[in-house]
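Peer 1: Structure below; questions to follow.
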Amino acid sequence: MDGQEVAALAVFASYFVAIAVVAGLVVRSLWPAGQQLLNPRPSLFLRVAVAALLCTWYYMFHYFRWSYSAFARFHPSPSIPQWLVQTSLFDQAWETVCRGEASWWWSSWICTWAVVFTAVVWQQSAARGIRYPLAYVVLGQFVAMSLATSLFLAAVYAHPVRSSSARASRSAPLALYAPFALYAPLGLALAAVRELPALVGTARFLPGLVAVHLLVAVPLFFVPVTSTASTPSDRPSTPLAIPFRLLYPLLAASAACIHLPLTLRIAATPAPLKHLIAHVFSHPAQASVSLDVVWVVVNLVLWAVVSGSTAGIIAKSAALAVTAALGAARCLGVHWGFIASVVPIVLLLGFGGVAYLVAKVTGRNDAKRAALMDRLGIKDGGVVQGDRGRPPSVSKRQTVVGFWHPYCNAGGGGERVLWSAIAYLQRQPDVVALVYTGDYSAASKEEIIDKVKDRFSITLEPSRLHFVPLKSRHLIADDYWPHLTLLGQSIGSLWLAWEGLCGRDGLIGDVFIDSMGYAFTLPFVRLVAGPDVRLGAYVHYPTVSADMVRRVRAREAGVESGGVASGRAKTLAKLVYYRVFTSLYATALLFSQHTMTNSSWTQAHVESLIAAGKQSALATILLLDDLSVRKRRERGEPVRERTCEVVFPPCDTDALVGSTLEGRTREIVSLAQFRPEKDHAKQIHALALLFERHPELRDGAEKVTLTLMGGSRNEADEARLDGLRRLAKELGVEANTAFLVNAPYHEVVVRLRAASIGLNTMIDEHFGISCVEFMAAGLIPIVHASAGPKLDIVTPYESQQTGFHATDAASFAEAMHTALAMSPAEQLSMRRAARGAAVERFGQRRFEQGFGRAWRQHLA
């Protein structure tokens with residue numbers, strides 16, 4: 001071989017070496033994501049990447065073979081080095097795919113996508129900290145744009161958006177502004193792409209093609225890399241920067257100037273679609289490029305479909321399937337009457353398939369149950385072998401009680417109800433408790449039990465407690481459903497119920513109790529588990545109520561209604577949505593054989609919903625209306641009577657009543673999770689108003705302080721806490737305000753025993769267990785004049801006032817001053833009355849009496 005042949009072989013080999021190097025950088029970019037790549041979305045695009053690579057490079061190798069064969073026809077003794085010396089593969093391939101309108105139609109799409117892809121890579125890499133962004137674009141140029149697109153989309157889903165806060169939400173913004181160094185080269189690249197067809201066959205073609213490749217690569221040398229987690233380019237970094245929301249339309253308009261005239265010319269020819277499709281395989285190089293375009297489109301369609309919430313994905317997938325079916329029917333000339341006749345058959349087969357799947361999955365429940373009992377060391381209905389001092393016996397079958405509580409480790413009042421109920425059941429013979437939760441296995445069984453002991457002073461028996469993990473708990477998170485939140489969370493709860501009952505770690509018990517307000521799980525459990533499983537519910541707060549609908553109609557702000565509708569049309573749409581949801585929710589409640597509520601307010605709303613549910617058309621279809629129940633009873637069929645009763649939540653009054661009622665500090669406390677509906681901001685505003693009207697209380701001997709105590713569950717709660725701290729600073733009460741977050745229970749008790757006043761500002765607080773704790777600890781409660789605190793808790797006891805009611809910040813400030821200004825004797829009298837009411841009405845023993853009665857009469 002001469003020097004030219006060696007050089008040609010070296011260049012050809014260096015091409016593949018460069019591909020290996022670039023691919024290695026892409027792997028290094030993806031590698032830190034680790035397990036994230038196994039999640040559904042990244043793994044989907046990794047699979048698409050493999051398919052795109054195999055498809056495009058199958059024809060690329062065919063092109064190499066074709067090129068060598070064409071060379072061999074004109075050379076009697078051909079060799080690969082001679083072929084490489086005398087053939088410019090890059091030039092030859094691109095001239096082939098750019099010559100002629102049909103060829104250029106396909107190739108132009110891959111060229112313009114390369115330009116837009118660079119902008120996407122720049123923005124997403126800057127926002128997400130994706131390493132080696134240039135490697136993705138170069139990989140697309142050397143191998144296939146579809147491969148680079150698939151791998152980069154996998155990287156996008158494996159790298160969350162960076163933010164200045166470690167507690168940033170997953171909706172943190174992307175980079176907003178594109179610098180001149182990005183959009184200027186891309187504009188020049190599009191101009192060069194436009195000229196490529198005219199340069200085919202000239203000496204300027206190859207330089208023009210190289211210019212396009214270089215211009216789309218240059219901007220990626222300027223992607224900002226920061227050591228902090230701040231989102232780059234969230235403001236114009238240079239005077240010439242433009243918003244990305246302007247850049248993308250400009251790129252699309254420029255690309256349209258290339259594609260639209262060409263497409264119109266081709267459309268004017270006979271059978272344009274068939275001509276374009278047939279042209280795909282007219283040449284191996286053309287097939288590789290055309291199929292690259294097809295796989296890019298597949299990537300973009302999948303990206304559009306899988307982005308957003310689960311409901312959006314389902315809707316977009318359904319729309320795509322319908323569109324594809326209609327398109328196929330139109331192209332293939334399928335008879336619509338035939339389709340109409342097939343649809344019912346497909347639906348019936350679908351229902352049959354679902355029924356078979358449910359039966360198959362639930363058929364494994366006995367084996368799962370036996371495995372669980374073995375792990376817990378419990379005999380479940382088998383023969384117990386005897387020994388010298390004990391004859392053989394038959395053990396009773398255990399009653400497995402499942403509690404639906406996805407946030408069991410939150411440490412709030414609802415969790416006290418859950419653990420108190422389980423502690424009661426663990427004292428009953430032959431009962432094993434399940435908890436369906438998303439907190440396990442992020443927290444171990446031992447950690448959860450220890451927290452229950454620390455927070456609530458409740459001791460649990462580990463050998464009779466099992467946790468079923470709900471790994472998809474994000475489906476019921478508030479921020480996962482920015483629109484139609486109630487409906488979205490209810491749909492999400494159905495998927496979670498399938499996961500908890502029929503998933504790999506799922507288990508169906510003998511009794512199912514929804515203790516967290518996800519009523520749509522009840523009909524689902526009945527559908528999957530059958531009629532033998534007993535269903536119950538403990539309702540802390542109705543998911544939807546007449547008060548919420550009233551707020552929507554009156555266009556009042558409220559936590560549940562998601563804000564005030566901006567116009568009459570939106571108000572009407574919201575009313576329709578709430579009415580439909582109310583009907584579905586009321587029907588779901590009918591599946592509970594015994595419903596316990598935590599207050600008179602909740603009881604009234606739930607009874608109203610159940611009454612409305614019985615009269616709905618859906619209840620009639622499901623044979624749950626009063627007439628159907630009466631007819632079934634007349635026929636002698638077993639019918640369980642649906643019952644509903646108030647069972648006040650437990651309060652550990654024993655741990656609080658030991659404190660003295662005299663000599664209290666001038667401290668005001670609140671005790672509630674830092675959720676939006678708790679309205680902590682109103683407490684800070686009330687304190688500011690108190691100091692504005694009575695400045696002598698700000699400092700000195702009469703100084704008053706406010707301590708906000710509560711649990712923080714997640715990043716959203718942490719962000720809300722930061723906002724409250726900023727509010728206290730803005731209102732000038734920072735020195736008088738303190739926050740006690742996620743404190744152990746004994747520390748909370750110490751604070752309660754020393755403070756003077758307890759605040760609760762939530763509107764329509766379903767019960768208000770913290771109000772009971774205030775009263776038991778001897779605080780003077782000041783609560784919102786609504787729902788449980790007003791109707792059940794802060795009510796006269798033995799003809800004596802037990803606290804104050806208020807509505808807005810001004811009335812809370814006035815009540816605080818009134819309580820502080822009372823004489824020591826008046827304060828002592830009110831504290832005694834409040835403590836007496838708390839101990840007599842809401843103690844742990846009172847809850848166990850009510851829950852035990854419900855268990856024995858309706859659920860056991």
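Identifiers in the structure tokens: chain A, B, ... in order shown; residue index from 1 per chain; ligand index from 1 in order shown.
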I'd like the contact shell of region 147-149 of chain A - 7 Å cut-off, only C-alpha atoms, skipping same-chain residues fewer than 5 positions apart - returned as a list in words.
Peer 2: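 Surrounding residues, per the criterion: Ala49, Ala52, Leu53, Tyr136, Val137, Leu139, Gly140 and Val296 of chain A.
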Peer 1: Kindly export the residues of the current selection with all heavy atoms, as a PDB file, in the first residue's frame.
Peer 2:
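Printed below is out.pdb as written:
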```
ATOM      1  N   ALA A  49     -33.561   4.083  21.038  1.00  0.00           N
ATOM      2  CA  ALA A  49     -32.213   4.336  20.524  1.00  0.00           C
ATOM      3  C   ALA A  49     -31.636   3.079  19.880  1.00  0.00           C
ATOM      4  O   ALA A  49     -31.031   3.139  18.799  1.00  0.00           O
ATOM      5  CB  ALA A  49     -31.309   4.816  21.657  1.00  0.00           C
ATOM      6  N   ALA A  52     -33.451   2.496  16.541  1.00  0.00           N
ATOM      7  CA  ALA A  52     -33.038   3.466  15.528  1.00  0.00           C
ATOM      8  C   ALA A  52     -31.647   3.151  15.001  1.00  0.00           C
ATOM      9  O   ALA A  52     -31.388   3.242  13.786  1.00  0.00           O
ATOM     10  CB  ALA A  52     -33.083   4.874  16.106  1.00  0.00           C
ATOM     11  N   LEU A  53     -30.737   2.783  15.896  1.00  0.00           N
ATOM     12  CA  LEU A  53     -29.376   2.458  15.475  1.00  0.00           C
ATOM     13  C   LEU A  53     -29.366   1.262  14.525  1.00  0.00           C
ATOM     14  O   LEU A  53     -28.728   1.293  13.460  1.00  0.00           O
ATOM     15  CB  LEU A  53     -28.520   2.173  16.704  1.00  0.00           C
ATOM     16  CG  LEU A  53     -27.075   1.720  16.426  1.00  0.00           C
ATOM     17  CD1 LEU A  53     -26.294   2.822  15.737  1.00  0.00           C
ATOM     18  CD2 LEU A  53     -26.389   1.303  17.721  1.00  0.00           C
ATOM     19  N   TYR A 136     -23.627  14.675  22.119  1.00  0.00           N
ATOM     20  CA  TYR A 136     -24.900  14.211  21.564  1.00  0.00           C
ATOM     21  C   TYR A 136     -25.067  14.694  20.130  1.00  0.00           C
ATOM     22  O   TYR A 136     -25.504  13.932  19.250  1.00  0.00           O
ATOM     23  CB  TYR A 136     -26.064  14.695  22.432  1.00  0.00           C
ATOM     24  CG  TYR A 136     -26.138  14.015  23.779  1.00  0.00           C
ATOM     25  CD1 TYR A 136     -25.529  14.584  24.894  1.00  0.00           C
ATOM     26  CD2 TYR A 136     -26.805  12.814  23.942  1.00  0.00           C
ATOM     27  CE1 TYR A 136     -25.589  13.970  26.136  1.00  0.00           C
ATOM     28  CE2 TYR A 136     -26.872  12.184  25.182  1.00  0.00           C
ATOM     29  CZ  TYR A 136     -26.251  12.770  26.268  1.00  0.00           C
ATOM     30  OH  TYR A 136     -26.318  12.152  27.497  1.00  0.00           O
ATOM     31  N   VAL A 137     -24.733  15.974  19.881  1.00  0.00           N
ATOM     32  CA  VAL A 137     -24.890  16.519  18.533  1.00  0.00           C
ATOM     33  C   VAL A 137     -23.891  15.878  17.576  1.00  0.00           C
ATOM     34  O   VAL A 137     -24.236  15.521  16.441  1.00  0.00           O
ATOM     35  CB  VAL A 137     -24.731  18.055  18.560  1.00  0.00           C
ATOM     36  CG1 VAL A 137     -24.659  18.613  17.149  1.00  0.00           C
ATOM     37  CG2 VAL A 137     -25.886  18.674  19.317  1.00  0.00           C
ATOM     38  N   LEU A 139     -22.569  12.920  17.875  1.00  0.00           N
ATOM     39  CA  LEU A 139     -23.029  11.547  17.659  1.00  0.00           C
ATOM     40  C   LEU A 139     -24.123  11.516  16.602  1.00  0.00           C
ATOM     41  O   LEU A 139     -24.164  10.612  15.756  1.00  0.00           O
ATOM     42  CB  LEU A 139     -23.539  10.951  18.970  1.00  0.00           C
ATOM     43  CG  LEU A 139     -23.927   9.466  18.930  1.00  0.00           C
ATOM     44  CD1 LEU A 139     -22.679   8.604  18.745  1.00  0.00           C
ATOM     45  CD2 LEU A 139     -24.667   9.061  20.197  1.00  0.00           C
ATOM     46  N   GLY A 140     -25.021  12.506  16.633  1.00  0.00           N
ATOM     47  CA  GLY A 140     -26.056  12.580  15.609  1.00  0.00           C
ATOM     48  C   GLY A 140     -25.473  12.799  14.231  1.00  0.00           C
ATOM     49  O   GLY A 140     -25.959  12.233  13.241  1.00  0.00           O
ATOM     50  N   VAL A 296     -36.679   9.854  14.163  1.00  0.00           N
ATOM     51  CA  VAL A 296     -36.744  11.150  14.853  1.00  0.00           C
ATOM     52  C   VAL A 296     -38.194  11.512  15.155  1.00  0.00           C
ATOM     53  O   VAL A 296     -38.527  11.965  16.266  1.00  0.00           O
ATOM     54  CB  VAL A 296     -36.062  12.254  14.020  1.00  0.00           C
ATOM     55  CG1 VAL A 296     -36.435  13.634  14.568  1.00  0.00           C
ATOM     56  CG2 VAL A 296     -34.554  12.098  14.042  1.00  0.00           C
TER      57      VAL A 296
END
```
Peer 1: DSSP says helix (DSSP H, G or I) for which residues of region 282-454 of chain A? Put them as a ChimeraX atom specification?
Peer 2: /A:284-306,310-332,336-362,365-376,413-426,445-454
Peer 1: With 12 Å as the cut-off and only C-alpha atoms counted, what is the closest atom pair between each nearby residue of region 326-390 of chain A and region 463-469 of chain A? Distances in Å to one decimal, ordered by chain and number, as a Markdown table.
Peer 2:
```
| residue | atom | partner | partner_atom | distance |
| --- | --- | --- | --- | --- |
| A:Lys368 | CA | A:Val468 | CA | 11.8 |
| A:Arg369 | CA | A:His466 | CA | 11.2 |
| A:Leu372 | CA | A:His466 | CA | 8.3 |
| A:Met373 | CA | A:Arg464 | CA | 9.3 |
| A:Asp374 | CA | A:Ser463 | CA | 10.8 |
| A:Arg375 | CA | A:Ser463 | CA | 8.9 |
| A:Leu376 | CA | A:Ser463 | CA | 5.4 |
| A:Gly377 | CA | A:Ser463 | CA | 7.5 |
| A:Ile378 | CA | A:Ser463 | CA | 8.2 |
| A:Lys379 | CA | A:Arg464 | CA | 11.7 |
```
Peer 1: Keeping C-alpha atoms, export the residues of the selection given above as a PDB file, in the first residue's frame.
Peer 2:
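Result went into out_5.pdb, see below:
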```
ATOM      1  CA  LYS A 368     -48.808 -14.401  49.482  1.00  0.00           C
ATOM      2  CA  ARG A 369     -50.816 -14.530  52.690  1.00  0.00           C
ATOM      3  CA  LEU A 372     -46.501 -13.327  55.137  1.00  0.00           C
ATOM      4  CA  MET A 373     -47.706 -15.416  58.062  1.00  0.00           C
ATOM      5  CA  ASP A 374     -44.554 -17.507  57.879  1.00  0.00           C
ATOM      6  CA  ARG A 375     -42.387 -14.381  58.001  1.00  0.00           C
ATOM      7  CA  LEU A 376     -44.329 -13.052  60.977  1.00  0.00           C
ATOM      8  CA  GLY A 377     -44.212 -16.438  62.717  1.00  0.00           C
ATOM      9  CA  ILE A 378     -48.001 -16.722  62.968  1.00  0.00           C
ATOM     10  CA  LYS A 379     -50.040 -19.901  62.497  1.00  0.00           C
TER      11      LYS A 379
END
```
Peer 1: Which residues are close to Arg579 (chain A), i.e. within 12 Å by only C-alpha atoms, leaving aside same-chain residues fewer than 3 positions away? Reply as a PyMOL selection string.
Peer 2: chain A and resi 487+544-546+548-550+552-553+572-576+582-586+609+612-613+616
Peer 1: Residues as selected, N, CA, C and O atoms, written as a PDB file, in the first residue's frame, can you do that?
Peer 2:
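Everything below was put into selection_23.pdb:
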```
ATOM      1  N   LEU A 487     -60.045  14.899  40.799  1.00  0.00           N
ATOM      2  CA  LEU A 487     -60.272  13.758  39.911  1.00  0.00           C
ATOM      3  C   LEU A 487     -58.971  13.020  39.638  1.00  0.00           C
ATOM      4  O   LEU A 487     -58.935  11.784  39.652  1.00  0.00           O
ATOM      5  N   VAL A 544     -65.089  16.189  48.821  1.00  0.00           N
ATOM      6  CA  VAL A 544     -65.864  17.297  48.262  1.00  0.00           C
ATOM      7  C   VAL A 544     -67.092  17.478  49.146  1.00  0.00           C
ATOM      8  O   VAL A 544     -67.604  16.524  49.712  1.00  0.00           O
ATOM      9  N   SER A 545     -67.514  18.715  49.300  1.00  0.00           N
ATOM     10  CA  SER A 545     -68.633  18.992  50.193  1.00  0.00           C
ATOM     11  C   SER A 545     -69.490  20.113  49.623  1.00  0.00           C
ATOM     12  O   SER A 545     -69.099  20.809  48.675  1.00  0.00           O
ATOM     13  N   ALA A 546     -70.653  20.287  50.231  1.00  0.00           N
ATOM     14  CA  ALA A 546     -71.548  21.359  49.805  1.00  0.00           C
ATOM     15  C   ALA A 546     -70.910  22.730  50.012  1.00  0.00           C
ATOM     16  O   ALA A 546     -71.147  23.665  49.234  1.00  0.00           O
ATOM     17  N   MET A 548     -67.765  23.479  49.642  1.00  0.00           N
ATOM     18  CA  MET A 548     -66.857  23.723  48.528  1.00  0.00           C
ATOM     19  C   MET A 548     -67.629  24.160  47.295  1.00  0.00           C
ATOM     20  O   MET A 548     -67.220  25.095  46.591  1.00  0.00           O
ATOM     21  N   VAL A 549     -68.728  23.494  47.003  1.00  0.00           N
ATOM     22  CA  VAL A 549     -69.542  23.877  45.847  1.00  0.00           C
ATOM     23  C   VAL A 549     -70.099  25.284  46.030  1.00  0.00           C
ATOM     24  O   VAL A 549     -70.161  26.082  45.090  1.00  0.00           O
ATOM     25  N   ARG A 550     -70.475  25.610  47.276  1.00  0.00           N
ATOM     26  CA  ARG A 550     -70.979  26.967  47.542  1.00  0.00           C
ATOM     27  C   ARG A 550     -69.918  28.013  47.264  1.00  0.00           C
ATOM     28  O   ARG A 550     -70.190  29.075  46.699  1.00  0.00           O
ATOM     29  N   VAL A 552     -67.456  27.796  45.155  1.00  0.00           N
ATOM     30  CA  VAL A 552     -67.275  27.919  43.707  1.00  0.00           C
ATOM     31  C   VAL A 552     -68.391  28.766  43.112  1.00  0.00           C
ATOM     32  O   VAL A 552     -68.157  29.659  42.289  1.00  0.00           O
ATOM     33  N   ARG A 553     -69.636  28.503  43.555  1.00  0.00           N
ATOM     34  CA  ARG A 553     -70.760  29.257  43.013  1.00  0.00           C
ATOM     35  C   ARG A 553     -70.656  30.731  43.368  1.00  0.00           C
ATOM     36  O   ARG A 553     -70.944  31.606  42.540  1.00  0.00           O
ATOM     37  N   LEU A 572     -68.955  28.239  35.681  1.00  0.00           N
ATOM     38  CA  LEU A 572     -69.931  27.232  35.289  1.00  0.00           C
ATOM     39  C   LEU A 572     -69.256  25.884  35.041  1.00  0.00           C
ATOM     40  O   LEU A 572     -69.743  24.836  35.489  1.00  0.00           O
ATOM     41  N   ALA A 573     -68.105  25.915  34.332  1.00  0.00           N
ATOM     42  CA  ALA A 573     -67.382  24.676  34.069  1.00  0.00           C
ATOM     43  C   ALA A 573     -66.927  24.024  35.370  1.00  0.00           C
ATOM     44  O   ALA A 573     -66.999  22.802  35.535  1.00  0.00           O
ATOM     45  N   LYS A 574     -66.488  24.863  36.308  1.00  0.00           N
ATOM     46  CA  LYS A 574     -66.037  24.341  37.591  1.00  0.00           C
ATOM     47  C   LYS A 574     -67.199  23.732  38.374  1.00  0.00           C
ATOM     48  O   LYS A 574     -67.053  22.701  39.028  1.00  0.00           O
ATOM     49  N   LEU A 575     -68.365  24.378  38.303  1.00  0.00           N
ATOM     50  CA  LEU A 575     -69.537  23.837  38.985  1.00  0.00           C
ATOM     51  C   LEU A 575     -69.931  22.480  38.409  1.00  0.00           C
ATOM     52  O   LEU A 575     -70.258  21.549  39.150  1.00  0.00           O
ATOM     53  N   VAL A 576     -69.903  22.369  37.086  1.00  0.00           N
ATOM     54  CA  VAL A 576     -70.230  21.087  36.443  1.00  0.00           C
ATOM     55  C   VAL A 576     -69.236  20.010  36.897  1.00  0.00           C
ATOM     56  O   VAL A 576     -69.621  18.882  37.242  1.00  0.00           O
ATOM     57  N   THR A 582     -68.828  15.108  42.697  1.00  0.00           N
ATOM     58  CA  THR A 582     -69.598  14.850  43.926  1.00  0.00           C
ATOM     59  C   THR A 582     -70.452  13.610  43.764  1.00  0.00           C
ATOM     60  O   THR A 582     -70.554  12.781  44.677  1.00  0.00           O
ATOM     61  N   SER A 583     -71.073  13.456  42.580  1.00  0.00           N
ATOM     62  CA  SER A 583     -71.911  12.278  42.342  1.00  0.00           C
ATOM     63  C   SER A 583     -71.084  11.000  42.377  1.00  0.00           C
ATOM     64  O   SER A 583     -71.484   9.997  42.988  1.00  0.00           O
ATOM     65  N   LEU A 584     -69.902  11.025  41.759  1.00  0.00           N
ATOM     66  CA  LEU A 584     -69.031   9.846  41.768  1.00  0.00           C
ATOM     67  C   LEU A 584     -68.546   9.544  43.185  1.00  0.00           C
ATOM     68  O   LEU A 584     -68.524   8.383  43.617  1.00  0.00           O
ATOM     69  N   TYR A 585     -68.165  10.590  43.904  1.00  0.00           N
ATOM     70  CA  TYR A 585     -67.653  10.414  45.266  1.00  0.00           C
ATOM     71  C   TYR A 585     -68.744   9.866  46.192  1.00  0.00           C
ATOM     72  O   TYR A 585     -68.498   8.957  47.000  1.00  0.00           O
ATOM     73  N   ALA A 586     -69.953  10.398  46.064  1.00  0.00           N
ATOM     74  CA  ALA A 586     -71.059   9.937  46.906  1.00  0.00           C
ATOM     75  C   ALA A 586     -71.369   8.470  46.640  1.00  0.00           C
ATOM     76  O   ALA A 586     -71.648   7.693  47.565  1.00  0.00           O
ATOM     77  N   LEU A 609     -73.986  13.287  51.649  1.00  0.00           N
ATOM     78  CA  LEU A 609     -73.431  12.688  50.432  1.00  0.00           C
ATOM     79  C   LEU A 609     -73.983  11.277  50.213  1.00  0.00           C
ATOM     80  O   LEU A 609     -74.324  10.903  49.087  1.00  0.00           O
ATOM     81  N   ALA A 612     -77.481  11.501  48.944  1.00  0.00           N
ATOM     82  CA  ALA A 612     -77.495  11.892  47.531  1.00  0.00           C
ATOM     83  C   ALA A 612     -77.006  10.748  46.647  1.00  0.00           C
ATOM     84  O   ALA A 612     -77.523  10.531  45.544  1.00  0.00           O
ATOM     85  N   GLY A 613     -76.004   9.997  47.139  1.00  0.00           N
ATOM     86  CA  GLY A 613     -75.484   8.889  46.363  1.00  0.00           C
ATOM     87  C   GLY A 613     -76.526   7.817  46.114  1.00  0.00           C
ATOM     88  O   GLY A 613     -76.587   7.230  45.037  1.00  0.00           O
ATOM     89  N   SER A 616     -78.705   8.563  43.079  1.00  0.00           N
ATOM     90  CA  SER A 616     -78.074   8.795  41.786  1.00  0.00           C
ATOM     91  C   SER A 616     -78.374   7.651  40.821  1.00  0.00           C
ATOM     92  O   SER A 616     -78.669   6.518  41.221  1.00  0.00           O
TER      93      SER A 616
END
```
Peer 1: Applying 12 Å and only C-alpha atoms, which residues near Gln857 (chain A) remain after dropping the ones on its own chain fewer than 6 positions away? List them as a PyMOL selection string.
Peer 2: chain A and resi 593-594+640-643+850-851
Peer 1: Write out as a list of chain:residue names the residues lying within 7 Å of region 812-815 of chain A, counting only C-alpha atoms and excluding same-chain residues fewer than 4 positions away.
Peer 2: A:Ala686, A:Leu687, A:Leu689, A:Leu690, A:Ile782, A:Phe804, A:Ala806, A:Thr807, A:Asp808, A:Ala819
Peer 1: Please dump the current selection as a short mmCIF file (atom, residue, chain, number, x, y, z; two decimals), in the first residue's frame; keep N, CA and C atoms.
Peer 2:
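For reference, part-v3.cif as written:
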```cif
data_model
loop_
_atom_site.label_atom_id
_atom_site.label_comp_id
_atom_site.auth_asym_id
_atom_site.auth_seq_id
_atom_site.Cartn_x
_atom_site.Cartn_y
_atom_site.Cartn_z
N ALA A 686 -52.23 38.00 62.42
CA ALA A 686 -52.93 38.33 63.66
C ALA A 686 -51.95 38.85 64.71
N LEU A 687 -50.78 38.24 64.80
CA LEU A 687 -49.78 38.70 65.77
C LEU A 687 -49.33 40.13 65.43
N LEU A 689 -51.09 42.39 63.88
CA LEU A 689 -52.19 43.29 64.24
C LEU A 689 -52.26 43.49 65.75
N LEU A 690 -52.00 42.42 66.52
CA LEU A 690 -51.99 42.54 67.98
C LEU A 690 -50.95 43.57 68.42
N ILE A 782 -58.00 29.40 70.91
CA ILE A 782 -58.63 30.39 70.02
C ILE A 782 -58.69 29.73 68.66
N PHE A 804 -62.26 30.66 72.70
CA PHE A 804 -62.77 31.72 71.84
C PHE A 804 -62.84 31.25 70.39
N ALA A 806 -62.96 32.78 66.29
CA ALA A 806 -62.59 33.94 65.48
C ALA A 806 -62.67 33.53 64.01
N THR A 807 -62.56 34.52 63.13
CA THR A 807 -62.67 34.24 61.69
C THR A 807 -61.47 34.78 60.91
N ASP A 808 -61.21 36.09 61.01
CA ASP A 808 -60.12 36.68 60.25
C ASP A 808 -58.99 37.10 61.19
N ALA A 819 -57.89 37.21 75.78
CA ALA A 819 -57.40 36.11 76.61
C ALA A 819 -56.23 36.55 77.48
#
```
Peer 1: Using only C-alpha atoms, can you tell me which of A:Leu656, A:Cys502, A:Ala809, A:Leu347 comes closest to Glu747 (chain A)?
Peer 2: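 Once distances to Glu747 (chain A) are computed over only C-alpha atoms, the minimum belongs to A:Leu656.
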Peer 1: Give one line per residue of region 780-853 of chain A that approaches region 408-420 of chain A to at most 9 Å, naming the two atoms of the closest pair and their distance in Å to one decimal, counting only C-alpha atoms; sort by chain then ascending residue number and deliver it as CSV.
Peer 2:
```
residue,atom,partner,partner_atom,distance
A:Gln844,CA,A:Ser420,CA,8.0
A:Phe847,CA,A:Ser420,CA,8.4
A:Glu848,CA,A:Ser420,CA,7.8
```
Peer 1: How would the residues just chosen look if you wrote them out with N, CA, C and O atoms as an mmCIF file, in the first residue's frame?
Peer 2:
```cif
data_model
loop_
_atom_site.group_PDB
_atom_site.id
_atom_site.type_symbol
_atom_site.label_atom_id
_atom_site.label_comp_id
_atom_site.auth_asym_id
_atom_site.auth_seq_id
_atom_site.Cartn_x
_atom_site.Cartn_y
_atom_site.Cartn_z
ATOM 1 N N GLN A 844 -58.240 8.981 74.861
ATOM 2 C CA GLN A 844 -57.907 7.746 74.146
ATOM 3 C C GLN A 844 -58.938 6.664 74.429
ATOM 4 O O GLN A 844 -59.343 5.926 73.526
ATOM 5 N N PHE A 847 -62.083 7.105 72.312
ATOM 6 C CA PHE A 847 -61.915 6.649 70.927
ATOM 7 C C PHE A 847 -61.981 5.125 70.844
ATOM 8 O O PHE A 847 -62.644 4.569 69.952
ATOM 9 N N GLU A 848 -61.288 4.449 71.759
ATOM 10 C CA GLU A 848 -61.275 2.999 71.702
ATOM 11 C C GLU A 848 -62.665 2.411 71.937
ATOM 12 O O GLU A 848 -63.006 1.370 71.367
#
```
Peer 1: What is the CA of Ala126 (chain A) to CA of Tyr157 (chain A) distance in Å?
Peer 2: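 Straight-line distance from CA of Ala126 (chain A) to CA of Tyr157 (chain A) works out to 14.2 Å.
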Peer 1: Compare A:Ala716, A:Leu9, A:Ala787, A:Ile491 by their minimum atom-to-atom distance to Asn598 (chain A), counting only C-alpha atoms, and give me the closest one.
Peer 2: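 Answer, going by the shortest atom-to-atom distance: A:Ala787.
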Peer 1: When you count only C-alpha atoms, which of these residues is closest to Val539 (chain A): A:Gln603, A:Leu522, A:Gly658, A:Ala278?
Peer 2: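 Nearest to Val539 (chain A): A:Gln603.
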Peer 1: Counting only C-alpha atoms, figure out which residue out of A:Met775, A:Val97, A:Val629, A:Ala529 gets nearest to Cys651 (chain A).
Peer 2: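 Ranked by minimum distance to Cys651 (chain A), first place goes to A:Met775.
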Peer 1: Could you tell me how far CA of Ala825 (chain A) sits from CA of His746 (chain A), in Å to one decimal place?
Peer 2: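 Interatomic distance, CA of His746 (chain A) to CA of Ala825 (chain A): 28.7 Å.
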Peer 1: Considering only C-alpha atoms, tabulate each residue of region 197-280 of chain A that lies at most 12 Å from region 112-118 of chain A along with its nearest interatomic pair and the corresponding distance in Å to one decimal; arrange the rows by chain and ascending residue number and present them as a tab-separated table.
Peer 2:
```
residue	atom	partner	partner_atom	distance
A:Val212	CA	A:Val115	CA	8.7
A:His213	CA	A:Ala114	CA	8.7
A:Leu214	CA	A:Val115	CA	10.8
A:Leu215	CA	A:Val115	CA	8.7
A:Val216	CA	A:Val115	CA	5.8
A:Ala217	CA	A:Thr118	CA	7.4
A:Val218	CA	A:Thr118	CA	9.5
A:Pro219	CA	A:Thr118	CA	7.8
A:Leu220	CA	A:Thr118	CA	7.5
A:Phe221	CA	A:Thr118	CA	11.2
A:Phe222	CA	A:Thr118	CA	11.8
A:Val223	CA	A:Thr118	CA	10.8
A:Phe244	CA	A:Val116	CA	11.5
A:Leu247	CA	A:Val116	CA	9.6
A:Tyr248	CA	A:Val116	CA	7.7
A:Pro249	CA	A:Val116	CA	10.4
A:Leu250	CA	A:Val116	CA	10.3
A:Leu251	CA	A:Val116	CA	6.9
A:Ala252	CA	A:Val116	CA	8.2
A:Ala253	CA	A:Thr112	CA	11.0
A:Ser254	CA	A:Thr112	CA	9.0
A:Ala255	CA	A:Thr112	CA	6.1
A:Ala256	CA	A:Thr112	CA	9.4
A:Cys257	CA	A:Thr112	CA	10.8
A:Ile258	CA	A:Thr112	CA	8.6
A:His259	CA	A:Thr112	CA	9.2
```
